[in-house]
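Shown next, in C-alpha cells, is the structure this report addresses.
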Amino acid sequence: MEFTTRTETGAYDLTANVRLIGQDLLVAVWGGEKPHIGAVAVAQPRPSLKDPDVTSATASVICYVGHKEDELVKASAEIIASVLNTRVVVTAGIHWDNLDQDAIETILKNSKDLVEMILEQCFAKFPSFER
C-alpha cells in the first residue's frame with residue numbers, strides 16, 4: 001500500500017512517496033532541479049521524557065557530505081513516528097540552485113505542510129493507523 005502526495009504552492013514544491021511496509025512507514029521526499037537522496041532518518045516512537053503518557057520519537061540521521069537535508073528528515077521522521085506510533089524511515093533530496101533565504105523558508109514551510117499531508121493521507125488510506 002502506498003501513495004504519492006505533493007505540495008502545490010507554485011514555488012519550491014515538494015513531493016513524497018509513502019509506502020506502508022508491514023506496520024513501518026517508508027517516506028521518500030524530493031524536489032527541485034536535481035532530486036536525489038541527500039539524507040536519511042530512522043525514527044521510532046517512545047514515551048515522552050517529560051510526560052510518559054505522551055508519545056514522542058527518537059531519530060538517527062545519516063547525511064551525505066555536502067547535503068543539508070538532515071534537519072528536514074529528522075524533524076519529519078520524528079513527527080510522523082510519534083503521531084502514527086510506528087517506526088519510520090524518511091529520505092530526502094532537494095536541490096535548487098542559488099537559493100536565497102526566502103526560498104529556503106518557503107521550502108521549510110512546504111516540508112512542514114507535506115508532513116501534515118502525509119499524516120492526513122495515512123489516517124485516510126491505512127486503516128491500521130488511528131487518531
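Ordered as shown in the C-alpha cells, chains take letters A, B, and onward, while each chain numbers its residues from 1 and ligands are numbered from 1 in the order shown.
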Enumerate, in order of chain and increasing residue number, the residues of range 72-116 of chain A with an atom no farther than 7 Å from range 35-57 of chain A, each with its shortest atom pair and distance in Å to one decimal, counting only C-alpha atoms, as a tab-separated table.
```
residue	atom	partner	partner_atom	distance
A:Val73	CA	A:Ala41	CA	5.5
A:Lys74	CA	A:Ala41	CA	5.4
A:Ala77	CA	A:Ala43	CA	5.6
A:Glu78	CA	A:Ala57	CA	5.1
A:Ala81	CA	A:Pro45	CA	5.4
A:Ser82	CA	A:Ser56	CA	4.8
A:Asn85	CA	A:Pro45	CA	5.5
A:Thr86	CA	A:Pro45	CA	6.0
A:Arg87	CA	A:Gln44	CA	4.4
A:Val88	CA	A:Ala43	CA	5.2
A:Val89	CA	A:Val42	CA	4.5
A:Val90	CA	A:Ala41	CA	5.3
A:Thr91	CA	A:Val40	CA	4.4
A:Ala92	CA	A:Ile37	CA	5.4
A:Gly93	CA	A:Ile37	CA	4.4
A:Ile94	CA	A:Pro35	CA	5.5
A:His95	CA	A:Pro35	CA	6.3
```
For this session: Excluding Asp97 in chain A and residues on its chain fewer than 6 positions from it, collect all residues at most 10 Å away from it, counting only C-alpha atoms, and give them as a list in words.
Result: Gly32, Glu33 and Lys34 of chain A
For the selection you just gave me, I'd like the residues written to a file as a PDB file, in the first residue's frame, keeping N, CA, C and O atoms.
```pdb
ATOM      1  N   GLY A  32      12.858  19.953  -6.626  1.00  0.00           N
ATOM      2  CA  GLY A  32      13.883  20.768  -7.248  1.00  0.00           C
ATOM      3  C   GLY A  32      14.343  20.285  -8.594  1.00  0.00           C
ATOM      4  O   GLY A  32      13.727  19.424  -9.219  1.00  0.00           O
ATOM      5  N   GLU A  33      15.457  20.868  -9.000  1.00  0.00           N
ATOM      6  CA  GLU A  33      16.013  20.615 -10.329  1.00  0.00           C
ATOM      7  C   GLU A  33      16.778  19.306 -10.398  1.00  0.00           C
ATOM      8  O   GLU A  33      16.954  18.749 -11.479  1.00  0.00           O
ATOM      9  N   LYS A  34      17.273  18.827  -9.268  1.00  0.00           N
ATOM     10  CA  LYS A  34      18.096  17.620  -9.234  1.00  0.00           C
ATOM     11  C   LYS A  34      17.704  16.754  -8.039  1.00  0.00           C
ATOM     12  O   LYS A  34      18.442  16.674  -7.049  1.00  0.00           O
TER      13      LYS A  34
END
```
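Closest approach to Thr106 in chain A among A:Glu2, A:Asp13, A:Glu8, A:Glu130: A:Asp13, based on only C-alpha atoms.
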For this session: Might you pull out every residue within 10 Å of Thr4 in chain A, with only C-alpha atoms counted and same-chain residues fewer than 5 positions away left off, and present them as a ChimeraX atom specification?
Result: /A:15-19,27-29,118,121
Just-selected residues, C-alpha atoms written as a PDB file, in the first residue's frame:
```pdb
ATOM      1  CA  THR A  15       6.776  15.502  -3.487  1.00  0.00           C
ATOM      2  CA  ALA A  16       6.593  12.496  -1.169  1.00  0.00           C
ATOM      3  CA  ASN A  17       6.033   8.839  -1.860  1.00  0.00           C
ATOM      4  CA  VAL A  18       4.783   6.968   1.194  1.00  0.00           C
ATOM      5  CA  ARG A  19       4.820   3.180   1.431  1.00  0.00           C
ATOM      6  CA  VAL A  27       8.784   8.084   3.096  1.00  0.00           C
ATOM      7  CA  ALA A  28      10.818   9.468   0.178  1.00  0.00           C
ATOM      8  CA  VAL A  29      10.785  13.257  -0.252  1.00  0.00           C
ATOM      9  CA  ILE A 118       1.307  12.684   4.726  1.00  0.00           C
ATOM     10  CA  GLN A 121      -3.466  10.597   3.999  1.00  0.00           C
TER      11      GLN A 121
END
```
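Backbone DSSP of range 15-108 of chain A yields alpha helix (DSSP H) at Asp70, Glu71, Leu72, Val73, Lys74, Ala75, Ser76, Ala77, Glu78, Ile79, Ile80, Ala81, Ser82, Val83, Leu84, Gln101, Asp102, Ala103, Ile104, Glu105, Thr106, Ile107 and Leu108 of chain A.
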Exercise. Between A:Phe3, A:Val65, A:Cys122, A:Pro127, which has the minimum distance to Val83 in chain A (counting only C-alpha atoms)?
Worked result: A:Cys122
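Our summary of the geometry notes that CA of Phe123 in chain A is positioned 27.6 Å from CA of Glu105 in chain A.
Counting only C-alpha atoms and comparing A:Gly10, A:Gly31, A:Thr5, A:Ala59, the residue that lies closest to Trp96 in chain A is A:Gly31.
Picture a line from CA of Arg6 in chain A to CA of Asp102 in chain A; it runs 20.1 Å.
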For this session: Have a look at A:Leu14, A:Ile107, A:Leu84, A:Glu116 and name the one nearest to Arg131 in chain A; count only C-alpha atoms.
Result: A:Leu84
Problem set entry | Every residue of range 26-61 of chain A that DSSP places in strand (DSSP E or B), as a ChimeraX atom specification | /A:26-32,39-47,55-61
